[in-house]
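Peer 1: Contents are PDB, C-alpha atoms, pLDDT in the B column; file name work17.pdb:
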ATOM      1  CA  MET A   1    -129.508  74.743-157.178  1.00 93.00           C
ATOM      2  CA  LEU A   2    -131.311  71.726-155.756  1.00 97.00           C
ATOM      3  CA  THR A   3    -132.452  69.109-158.265  1.00 97.00           C
ATOM      4  CA  ASP A   4    -135.500  66.888-158.065  1.00 96.00           C
ATOM      5  CA  LYS A   5    -135.096  63.822-155.861  1.00 97.00           C
ATOM      6  CA  ILE A   6    -135.190  60.554-157.798  1.00 97.00           C
ATOM      7  CA  LYS A   7    -135.769  57.104-156.323  1.00 96.00           C
ATOM      8  CA  VAL A   8    -133.163  54.640-157.555  1.00 96.00           C
ATOM      9  CA  ASP A   9    -132.834  50.965-156.701  1.00 90.00           C
ATOM     10  CA  GLY A  10    -130.767  47.840-157.156  1.00 85.00           C
ATOM     11  CA  TRP A  11    -132.780  46.797-160.189  1.00 89.00           C
ATOM     12  CA  GLY A  12    -131.650  49.898-162.088  1.00 91.00           C
ATOM     13  CA  ILE A  13    -134.965  51.705-161.740  1.00 94.00           C
ATOM     14  CA  GLY A  14    -134.417  55.462-161.793  1.00 96.00           C
ATOM     15  CA  ARG A  15    -130.887  55.256-163.183  1.00 96.00           C
ATOM     16  CA  GLU A  16    -131.561  56.944-166.524  1.00 97.00           C
ATOM     17  CA  GLU A  17    -133.726  59.604-164.907  1.00 98.00           C
ATOM     18  CA  ALA A  18    -130.975  60.304-162.363  1.00 97.00           C
ATOM     19  CA  LEU A  19    -128.395  60.701-165.132  1.00 97.00           C
ATOM     20  CA  GLU A  20    -130.730  63.094-166.944  1.00 97.00           C
ATOM     21  CA  VAL A  21    -131.101  65.099-163.729  1.00 97.00           C
ATOM     22  CA  ALA A  22    -127.303  65.233-163.458  1.00 97.00           C
ATOM     23  CA  ASP A  23    -126.965  66.511-167.010  1.00 97.00           C
ATOM     24  CA  ARG A  24    -129.647  69.150-166.439  1.00 97.00           C
ATOM     25  CA  PHE A  25    -127.780  70.209-163.308  1.00 98.00           C
ATOM     26  CA  THR A  26    -124.547  70.755-165.247  1.00 98.00           C
ATOM     27  CA  GLU A  27    -126.432  72.718-167.912  1.00 97.00           C
ATOM     28  CA  TYR A  28    -128.154  74.900-165.320  1.00 97.00           C
ATOM     29  CA  GLU A  29    -124.820  75.596-163.612  1.00 97.00           C
ATOM     30  CA  ASN A  30    -123.289  76.377-167.027  1.00 97.00           C
ATOM     31  CA  LEU A  31    -120.346  74.105-166.348  1.00 97.00           C
ATOM     32  CA  ASP A  32    -117.579  73.603-168.878  1.00 97.00           C
ATOM     33  CA  HIS A  33    -117.471  70.297-170.719  1.00 97.00           C
ATOM     34  CA  LYS A  34    -114.671  68.821-168.599  1.00 97.00           C
ATOM     35  CA  THR A  35    -116.382  69.569-165.291  1.00 97.00           C
ATOM     36  CA  ALA A  36    -119.772  68.401-166.589  1.00 97.00           C
ATOM     37  CA  LEU A  37    -118.223  65.105-167.707  1.00 97.00           C
ATOM     38  CA  ARG A  38    -116.663  64.584-164.280  1.00 97.00           C
ATOM     39  CA  ILE A  39    -120.001  65.181-162.555  1.00 98.00           C
ATOM     40  CA  HIS A  40    -121.608  62.669-164.930  1.00 97.00           C
ATOM     41  CA  LEU A  41    -118.896  60.079-164.200  1.00 97.00           C
ATOM     42  CA  LEU A  42    -119.248  60.537-160.434  1.00 97.00           C
ATOM     43  CA  VAL A  43    -123.016  60.086-160.674  1.00 97.00           C
ATOM     44  CA  GLU A  44    -122.499  56.916-162.721  1.00 96.00           C
ATOM     45  CA  GLU A  45    -120.156  55.573-160.026  1.00 94.00           C
ATOM     46  CA  ALA A  46    -122.686  56.340-157.275  1.00 95.00           C
ATOM     47  CA  LEU A  47    -125.539  54.710-159.178  1.00 94.00           C
ATOM     48  CA  GLY A  48    -123.375  51.704-159.976  1.00 91.00           C
ATOM     49  CA  MET A  49    -122.825  51.207-156.272  1.00 87.00           C
ATOM     50  CA  VAL A  50    -126.595  51.160-155.680  1.00 86.00           C
ATOM     51  CA  THR A  51    -127.042  48.468-158.321  1.00 84.00           C
ATOM     52  CA  ALA A  52    -124.202  46.404-156.856  1.00 81.00           C
ATOM     53  CA  ILE A  53    -125.545  46.326-153.296  1.00 74.00           C
ATOM     54  CA  THR A  54    -128.720  44.265-153.709  1.00 66.00           C
ATOM     55  CA  GLU A  55    -131.903  44.339-155.763  1.00 66.00           C
ATOM     56  CA  ASP A  56    -133.893  45.175-152.620  1.00 70.00           C
ATOM     57  CA  PHE A  57    -131.843  48.306-151.865  1.00 78.00           C
ATOM     58  CA  ASP A  58    -133.278  51.691-152.814  1.00 87.00           C
ATOM     59  CA  ALA A  59    -132.256  55.282-152.183  1.00 92.00           C
ATOM     60  CA  LEU A  60    -133.140  58.877-153.006  1.00 96.00           C
ATOM     61  CA  PHE A  61    -130.737  60.599-155.398  1.00 97.00           C
ATOM     62  CA  TRP A  62    -130.247  64.323-155.895  1.00 98.00           C
ATOM     63  CA  ILE A  63    -127.587  66.956-156.525  1.00 98.00           C
ATOM     64  CA  GLU A  64    -127.235  70.395-155.032  1.00 97.00           C
ATOM     65  CA  SER A  65    -124.815  73.269-155.358  1.00 97.00           C
ATOM     66  CA  LYS A  66    -123.843  75.589-152.528  1.00 93.00           C
ATOM     67  CA  ALA A  67    -122.122  78.928-152.017  1.00 93.00           C
ATOM     68  CA  ASP A  68    -118.776  77.122-151.669  1.00 94.00           C
ATOM     69  CA  ASP A  69    -118.901  76.378-155.430  1.00 96.00           C
ATOM     70  CA  LYS A  70    -119.156  72.649-154.899  1.00 97.00           C
ATOM     71  CA  ALA A  71    -121.632  70.114-156.226  1.00 98.00           C
ATOM     72  CA  TYR A  72    -122.943  67.602-153.693  1.00 98.00           C
ATOM     73  CA  ILE A  73    -124.165  64.290-155.103  1.00 98.00           C
ATOM     74  CA  HIS A  74    -126.485  62.633-152.580  1.00 97.00           C
ATOM     75  CA  LEU A  75    -127.777  59.103-152.033  1.00 96.00           C
ATOM     76  CA  LEU A  76    -130.002  58.741-148.978  1.00 94.00           C
ATOM     77  CA  ALA A  77    -131.306  55.347-147.902  1.00 87.00           C
ATOM     78  CA  GLU A  78    -133.106  53.580-145.105  1.00 78.00           C
ATOM     79  CA  THR A  79    -131.628  50.130-144.618  1.00 63.00           C
ATOM     80  CA  ASP A  80    -132.792  47.066-142.719  1.00 60.00           C
ATOM     81  CA  MET A  81    -130.116  44.576-143.789  1.00 55.00           C
ATOM     82  CA  ASP A  82    -129.047  42.757-140.646  1.00 60.00           C
ATOM     83  CA  TYR A  83    -125.867  40.910-139.753  1.00 59.00           C
ATOM     84  CA  LYS A  84    -127.357  37.428-140.216  1.00 65.00           C
ATOM     85  CA  LYS A  85    -128.617  38.337-143.680  1.00 60.00           C
ATOM     86  CA  LYS A  86    -125.185  39.681-144.587  1.00 58.00           C
ATOM     87  CA  ARG A  87    -123.458  36.522-143.393  1.00 59.00           C
ATOM     88  CA  ALA A  88    -125.948  34.413-145.337  1.00 61.00           C
ATOM     89  CA  LEU A  89    -125.053  36.298-148.519  1.00 52.00           C
ATOM     90  CA  ILE A  90    -121.337  35.799-147.895  1.00 51.00           C
ATOM     91  CA  ASP A  91    -121.708  32.106-147.071  1.00 57.00           C
ATOM     92  CA  ALA A  92    -123.802  31.571-150.187  1.00 51.00           C
ATOM     93  CA  SER A  93    -121.134  33.030-152.464  1.00 44.00           C
ATOM     94  CA  LYS A  94    -119.133  30.529-154.469  1.00 41.00           C
ATOM     95  CA  SER A  95    -115.752  31.676-153.138  1.00 46.00           C
ATOM     96  CA  LYS A  96    -116.988  32.207-149.560  1.00 42.00           C
ATOM     97  CA  THR A  97    -115.481  35.709-149.706  1.00 46.00           C
ATOM     98  CA  ASN A  98    -117.005  39.154-150.080  1.00 46.00           C
ATOM     99  CA  SER A  99    -115.628  40.493-153.345  1.00 47.00           C
ATOM    100  CA  ALA A 100    -117.505  43.753-152.817  1.00 45.00           C
ATOM    101  CA  ALA A 101    -114.643  45.022-150.666  1.00 60.00           C
ATOM    102  CA  VAL A 102    -112.368  45.210-153.726  1.00 69.00           C
ATOM    103  CA  GLY A 103    -111.681  48.757-154.908  1.00 82.00           C
ATOM    104  CA  VAL A 104    -112.495  52.116-153.366  1.00 87.00           C
ATOM    105  CA  MET A 105    -116.183  52.095-154.305  1.00 89.00           C
ATOM    106  CA  GLY A 106    -116.362  48.484-153.144  1.00 84.00           C
ATOM    107  CA  LYS A 107    -115.163  49.565-149.719  1.00 83.00           C
ATOM    108  CA  ILE A 108    -117.596  52.489-149.646  1.00 86.00           C
ATOM    109  CA  ARG A 109    -120.356  50.096-150.647  1.00 84.00           C
ATOM    110  CA  GLU A 110    -119.381  47.847-147.728  1.00 78.00           C
ATOM    111  CA  ILE A 111    -119.636  50.764-145.316  1.00 80.00           C
ATOM    112  CA  VAL A 112    -123.113  51.592-146.624  1.00 80.00           C
ATOM    113  CA  GLU A 113    -124.186  47.957-146.295  1.00 72.00           C
ATOM    114  CA  ASN A 114    -122.649  47.621-142.857  1.00 68.00           C
ATOM    115  CA  SER A 115    -124.210  50.814-141.541  1.00 67.00           C
ATOM    116  CA  MET A 116    -126.574  48.972-139.212  1.00 51.00           C
ATOM    117  CA  TYR A 117    -124.002  46.657-137.634  1.00 52.00           C
ATOM    118  CA  THR A 118    -122.084  47.153-134.419  1.00 48.00           C
ATOM    119  CA  MET A 119    -118.415  48.116-134.744  1.00 45.00           C
ATOM    120  CA  ASP A 120    -117.319  44.613-133.702  1.00 47.00           C
ATOM    121  CA  GLU A 121    -119.427  43.057-136.449  1.00 48.00           C
ATOM    122  CA  VAL A 122    -118.065  45.433-139.096  1.00 49.00           C
ATOM    123  CA  GLY A 123    -114.510  44.687-138.048  1.00 50.00           C
ATOM    124  CA  SER A 124    -115.197  40.957-138.114  1.00 52.00           C
ATOM    125  CA  LEU A 125    -116.567  41.131-141.647  1.00 46.00           C
ATOM    126  CA  GLU A 126    -113.608  43.171-142.840  1.00 52.00           C
ATOM    127  CA  ALA A 127    -111.087  40.753-141.344  1.00 49.00           C
ATOM    128  CA  GLU A 128    -112.827  37.700-142.793  1.00 49.00           C
ATOM    129  CA  ASN A 129    -113.752  39.031-146.204  1.00 46.00           C
ATOM    130  CA  GLY A 130    -111.038  41.133-147.761  1.00 48.00           C
ATOM    131  CA  GLY A 131    -110.207  43.746-145.164  1.00 47.00           C
ATOM    132  CA  GLY A 132    -107.274  41.833-143.692  1.00 47.00           C
ATOM    133  CA  THR A 133    -105.503  43.899-141.088  1.00 47.00           C
ATOM    134  CA  LEU A 134    -106.581  47.136-142.751  1.00 55.00           C
ATOM    135  CA  MET A 135    -109.861  48.190-141.095  1.00 63.00           C
ATOM    136  CA  TYR A 136    -110.956  50.682-143.738  1.00 63.00           C
ATOM    137  CA  SER A 137    -114.205  51.672-142.006  1.00 64.00           C
ATOM    138  CA  SER A 138    -112.513  52.824-138.810  1.00 66.00           C
ATOM    139  CA  MET A 139    -109.591  54.358-140.719  1.00 70.00           C
ATOM    140  CA  GLY A 140    -111.956  56.770-142.453  1.00 72.00           C
ATOM    141  CA  MET A 141    -114.009  57.643-139.379  1.00 72.00           C
ATOM    142  CA  THR A 142    -114.267  61.367-138.694  1.00 72.00           C
ATOM    143  CA  ASP A 143    -117.048  61.591-136.109  1.00 65.00           C
ATOM    144  CA  VAL A 144    -118.707  59.092-133.803  1.00 58.00           C
ATOM    145  CA  SER A 145    -121.578  60.335-131.672  1.00 55.00           C
ATOM    146  CA  SER A 146    -122.760  56.987-130.357  1.00 46.00           C
ATOM    147  CA  MET A 147    -121.061  53.634-130.694  1.00 42.00           C
ATOM    148  CA  GLN A 148    -124.269  51.975-129.539  1.00 45.00           C
ATOM    149  CA  SER A 149    -126.342  53.317-132.419  1.00 47.00           C
ATOM    150  CA  MET A 150    -123.341  53.480-134.806  1.00 55.00           C
ATOM    151  CA  ASP A 151    -123.980  57.134-135.657  1.00 74.00           C
ATOM    152  CA  TYR A 152    -120.840  58.268-137.464  1.00 76.00           C
ATOM    153  CA  THR A 153    -119.345  59.981-140.485  1.00 86.00           C
ATOM    154  CA  TRP A 154    -116.747  58.320-142.717  1.00 87.00           C
ATOM    155  CA  SER A 155    -114.598  60.392-145.073  1.00 91.00           C
ATOM    156  CA  LEU A 156    -112.575  59.262-148.076  1.00 92.00           C
ATOM    157  CA  ASN A 157    -110.025  62.017-147.399  1.00 94.00           C
ATOM    158  CA  THR A 158    -109.518  60.821-143.821  1.00 91.00           C
ATOM    159  CA  TYR A 159    -109.155  57.254-145.075  1.00 89.00           C
ATOM    160  CA  ARG A 160    -106.664  58.387-147.727  1.00 92.00           C
ATOM    161  CA  ASP A 161    -104.563  60.234-145.134  1.00 92.00           C
ATOM    162  CA  SER A 162    -104.613  57.192-142.828  1.00 89.00           C
ATOM    163  CA  VAL A 163    -103.499  54.863-145.614  1.00 89.00           C
ATOM    164  CA  GLU A 164    -100.707  57.226-146.669  1.00 92.00           C
ATOM    165  CA  ASP A 165     -99.411  57.382-143.089  1.00 90.00           C
ATOM    166  CA  ILE A 166     -98.888  53.614-142.844  1.00 88.00           C
ATOM    167  CA  LYS A 167     -98.393  52.409-146.409  1.00 87.00           C
ATOM    168  CA  GLY A 168     -94.616  52.187-146.108  1.00 85.00           C
ATOM    169  CA  ASN A 169     -94.845  49.484-143.449  1.00 81.00           C
ATOM    170  CA  ASN A 170     -98.098  47.701-144.279  1.00 83.00           C
ATOM    171  CA  PRO A 171     -98.637  45.567-147.410  1.00 85.00           C
ATOM    172  CA  ALA A 172    -102.421  45.891-147.085  1.00 82.00           C
ATOM    173  CA  ALA A 173    -102.049  49.681-146.974  1.00 85.00           C
ATOM    174  CA  GLU A 174     -99.829  49.556-150.069  1.00 89.00           C
ATOM    175  CA  MET A 175    -102.617  47.712-151.898  1.00 87.00           C
ATOM    176  CA  ALA A 176    -105.184  50.195-150.599  1.00 86.00           C
ATOM    177  CA  TRP A 177    -103.036  53.091-151.828  1.00 91.00           C
ATOM    178  CA  ASP A 178    -102.823  51.469-155.251  1.00 92.00           C
ATOM    179  CA  GLU A 179    -106.625  51.211-155.282  1.00 90.00           C
ATOM    180  CA  LEU A 180    -106.899  54.903-154.432  1.00 93.00           C
ATOM    181  CA  GLU A 181    -104.558  55.874-157.248  1.00 94.00           C
ATOM    182  CA  LYS A 182    -106.581  53.837-159.762  1.00 94.00           C
ATOM    183  CA  SER A 183    -110.041  54.850-158.528  1.00 94.00           C
ATOM    184  CA  ILE A 184    -112.171  57.181-160.673  1.00 93.00           C
ATOM    185  CA  VAL A 185    -113.980  58.485-157.620  1.00 95.00           C
ATOM    186  CA  ALA A 186    -110.844  58.987-155.529  1.00 95.00           C
ATOM    187  CA  ASN A 187    -109.231  60.940-158.361  1.00 96.00           C
ATOM    188  CA  LEU A 188    -112.226  63.055-159.390  1.00 97.00           C
ATOM    189  CA  ALA A 189    -114.045  63.791-156.118  1.00 97.00           C
ATOM    190  CA  ASP A 190    -112.893  66.331-153.552  1.00 97.00           C
ATOM    191  CA  ASP A 191    -114.269  64.038-150.875  1.00 96.00           C
ATOM    192  CA  VAL A 192    -116.747  61.224-150.350  1.00 95.00           C
ATOM    193  CA  LYS A 193    -118.598  60.999-147.058  1.00 92.00           C
ATOM    194  CA  VAL A 194    -120.894  58.361-145.607  1.00 90.00           C
ATOM    195  CA  ALA A 195    -123.032  59.666-142.759  1.00 88.00           C
ATOM    196  CA  VAL A 196    -124.917  57.140-140.658  1.00 81.00           C
ATOM    197  CA  LYS A 197    -127.622  58.107-138.203  1.00 81.00           C
ATOM    198  CA  GLY A 198    -129.925  55.439-136.828  1.00 71.00           C
ATOM    199  CA  SER A 199    -131.409  53.531-139.769  1.00 72.00           C
ATOM    200  CA  SER A 200    -130.477  56.246-142.290  1.00 83.00           C
ATOM    201  CA  VAL A 201    -127.293  56.184-144.329  1.00 86.00           C
ATOM    202  CA  GLU A 202    -126.316  58.984-146.695  1.00 91.00           C
ATOM    203  CA  LEU A 203    -123.545  58.968-149.278  1.00 94.00           C
ATOM    204  CA  VAL A 204    -122.363  62.411-150.391  1.00 96.00           C
ATOM    205  CA  ILE A 205    -119.810  62.949-153.150  1.00 97.00           C
ATOM    206  CA  GLU A 206    -118.325  66.438-153.131  1.00 97.00           C
ATOM    207  CA  LYS A 207    -116.895  68.018-156.281  1.00 97.00           C
ATOM    208  CA  LYS A 208    -115.585  71.541-156.841  1.00 97.00           C
ATOM    209  CA  ILE A 209    -117.280  73.002-159.917  1.00 97.00           C
ATOM    210  CA  ARG A 210    -115.690  76.478-160.047  1.00 92.00           C
TER     211      ARG A 210
END
Kindly present the structure from the file in C-alpha cells form.

Peer 2:
Amino acid sequence: MLTDKIKVDGWGIGREEALEVADRFTEYENLDHKTALRIHLLVEEALGMVTAITEDFDALFWIESKADDKAYIHLLAETDMDYKKKRALIDASKSKTNSAAVGVMGKIREIVENSMYTMDEVGSLEAENGGGTLMYSSMGMTDVSSMQSMDYTWSLNTYRDSVEDIKGNNPAAEMAWDELEKSIVANLADDVKVAVKGSSVELVIEKKIR
C-alpha cells in the first residue's frame, strides 16, 4: 500500500492529516493494536522533528508497505538552509549551544538540517555544539557517492553499531548509548535512514509489521 502524500511543515500544518493517514494505513494493513500503536508513535516522532527544525521547513509525508512486510515512513524535503544561516541561529540562542543535538531524534534532526553543508562544516558544528568528540553523522554513514555534493546515506543501525564498538572507552559514546536505550525511535524502529542527494533529503523510518 502507498498512502497519499501530505505536505507537513514547521508550523504544524498537515500534522493531523498525516496522523489520520497513518491510522488509515494501519487499518488497511489490518495490523494488531500493538503494531498500529507503534506505527502511530513513530509517525508522531517524525512529525515532531519537522516541527522542531524551523517554521520555514516543509516536507512531503507518506507511508508505504512492501513485500518484505515492513512499513516505510517517509519525509522528503528540499532544503536551502545554508551554513551562515545555521550559525546565525546558533549564535542567537541564549546558551550559544545547539540543544537540538540532544537525543537520538535531535541528532537525526541535525543531520537533516546539515544535509547541505560540506563534511568539514558538519564536523565543526558537531564539535562546537554538542557533538564533542563523537561525530555522529560520520559514524552512521553507510554510503557516500560524492563528498563534493554530500550525497550519502546515514543509518541508525550503523550508528548504533559504531557507538557500541567504542562505548567502553569513550564517555561521549557511553552517553550516546544511553540516549539510544531511552529513545522511542531507536527502540521501536528496525532502522532509520537519512538519504541525501543534492538539495533533497529523505528520512525513512523502517518498521516490521508482520

Peer 1: Could you list, as a PyMOL selection string, every residue within 7 Å of Ile53 of chain A, counting only C-alpha atoms and ignoring same-chain residues fewer than 2 positions away?

Peer 2: chain A and resi 10+49-51+57+109

Peer 1: Between atom CA of Glu202 of chain A and atom CA of Gly106 of chain A, what is the spacing in Å?

Peer 2: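 That distance, rounded to one decimal, is 15.8 Å.
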
Peer 1: Could you tell me how far atom CA of His40 of chain A lies from atom CA of Val201 of chain A, in Å and to one decimal?

Peer 2: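 Computed distance, atom CA of His40 of chain A to atom CA of Val201 of chain A, equals 22.3 Å.
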
Peer 1: Give me, please, the distance in Å between atom CA of Tyr72 of chain A and atom CA of Leu2 of chain A, quoted to one decimal.

Peer 2: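 Computed distance, atom CA of Tyr72 of chain A to atom CA of Leu2 of chain A, equals 9.6 Å.
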
Peer 1: Written as a CSV table (one decimal) with C-alpha atoms, in the frame of the given file, what is the full residue list that the PyMOL selection byres ((chain A and resi 180) around 10) yields on the file shown?

Peer 2:
chain,number,residue,atom,x,y,z
A,103,GLY,CA,-111.7,48.8,-154.9
A,104,VAL,CA,-112.5,52.1,-153.4
A,105,MET,CA,-116.2,52.1,-154.3
A,156,LEU,CA,-112.6,59.3,-148.1
A,159,TYR,CA,-109.2,57.3,-145.1
A,160,ARG,CA,-106.7,58.4,-147.7
A,163,VAL,CA,-103.5,54.9,-145.6
A,174,GLU,CA,-99.8,49.6,-150.1
A,175,MET,CA,-102.6,47.7,-151.9
A,176,ALA,CA,-105.2,50.2,-150.6
A,177,TRP,CA,-103.0,53.1,-151.8
A,178,ASP,CA,-102.8,51.5,-155.3
A,179,GLU,CA,-106.6,51.2,-155.3
A,181,GLU,CA,-104.6,55.9,-157.2
A,182,LYS,CA,-106.6,53.8,-159.8
A,183,SER,CA,-110.0,54.8,-158.5
A,184,ILE,CA,-112.2,57.2,-160.7
A,185,VAL,CA,-114.0,58.5,-157.6
A,186,ALA,CA,-110.8,59.0,-155.5
A,187,ASN,CA,-109.2,60.9,-158.4

Peer 1: For this structure, which residues satisfy the selection - the PyMOL selection byres ((chain A and resi 66-70) around 8) - when it is evaluated on the file as given? I want them as a ChimeraX atom specification.

Peer 2: /A:1,64-65,71-72,206-210

Peer 1: As a PyMOL selection string, please: the residues near Asp58 of chain A (cut-off 8 Å, all atoms listed in the file, same-chain neighbours under 4 positions excluded).

Peer 2: chain A and resi 7-10+50+77-78

Peer 1: For Leu75 of chain A, which residue out of A:Ile205, A:Ala189, A:Ala173, A:Ile13 is the nearest one, using all atoms listed in the file?

Peer 2: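 Under the stated criterion, the closest residue is A:Ile205.
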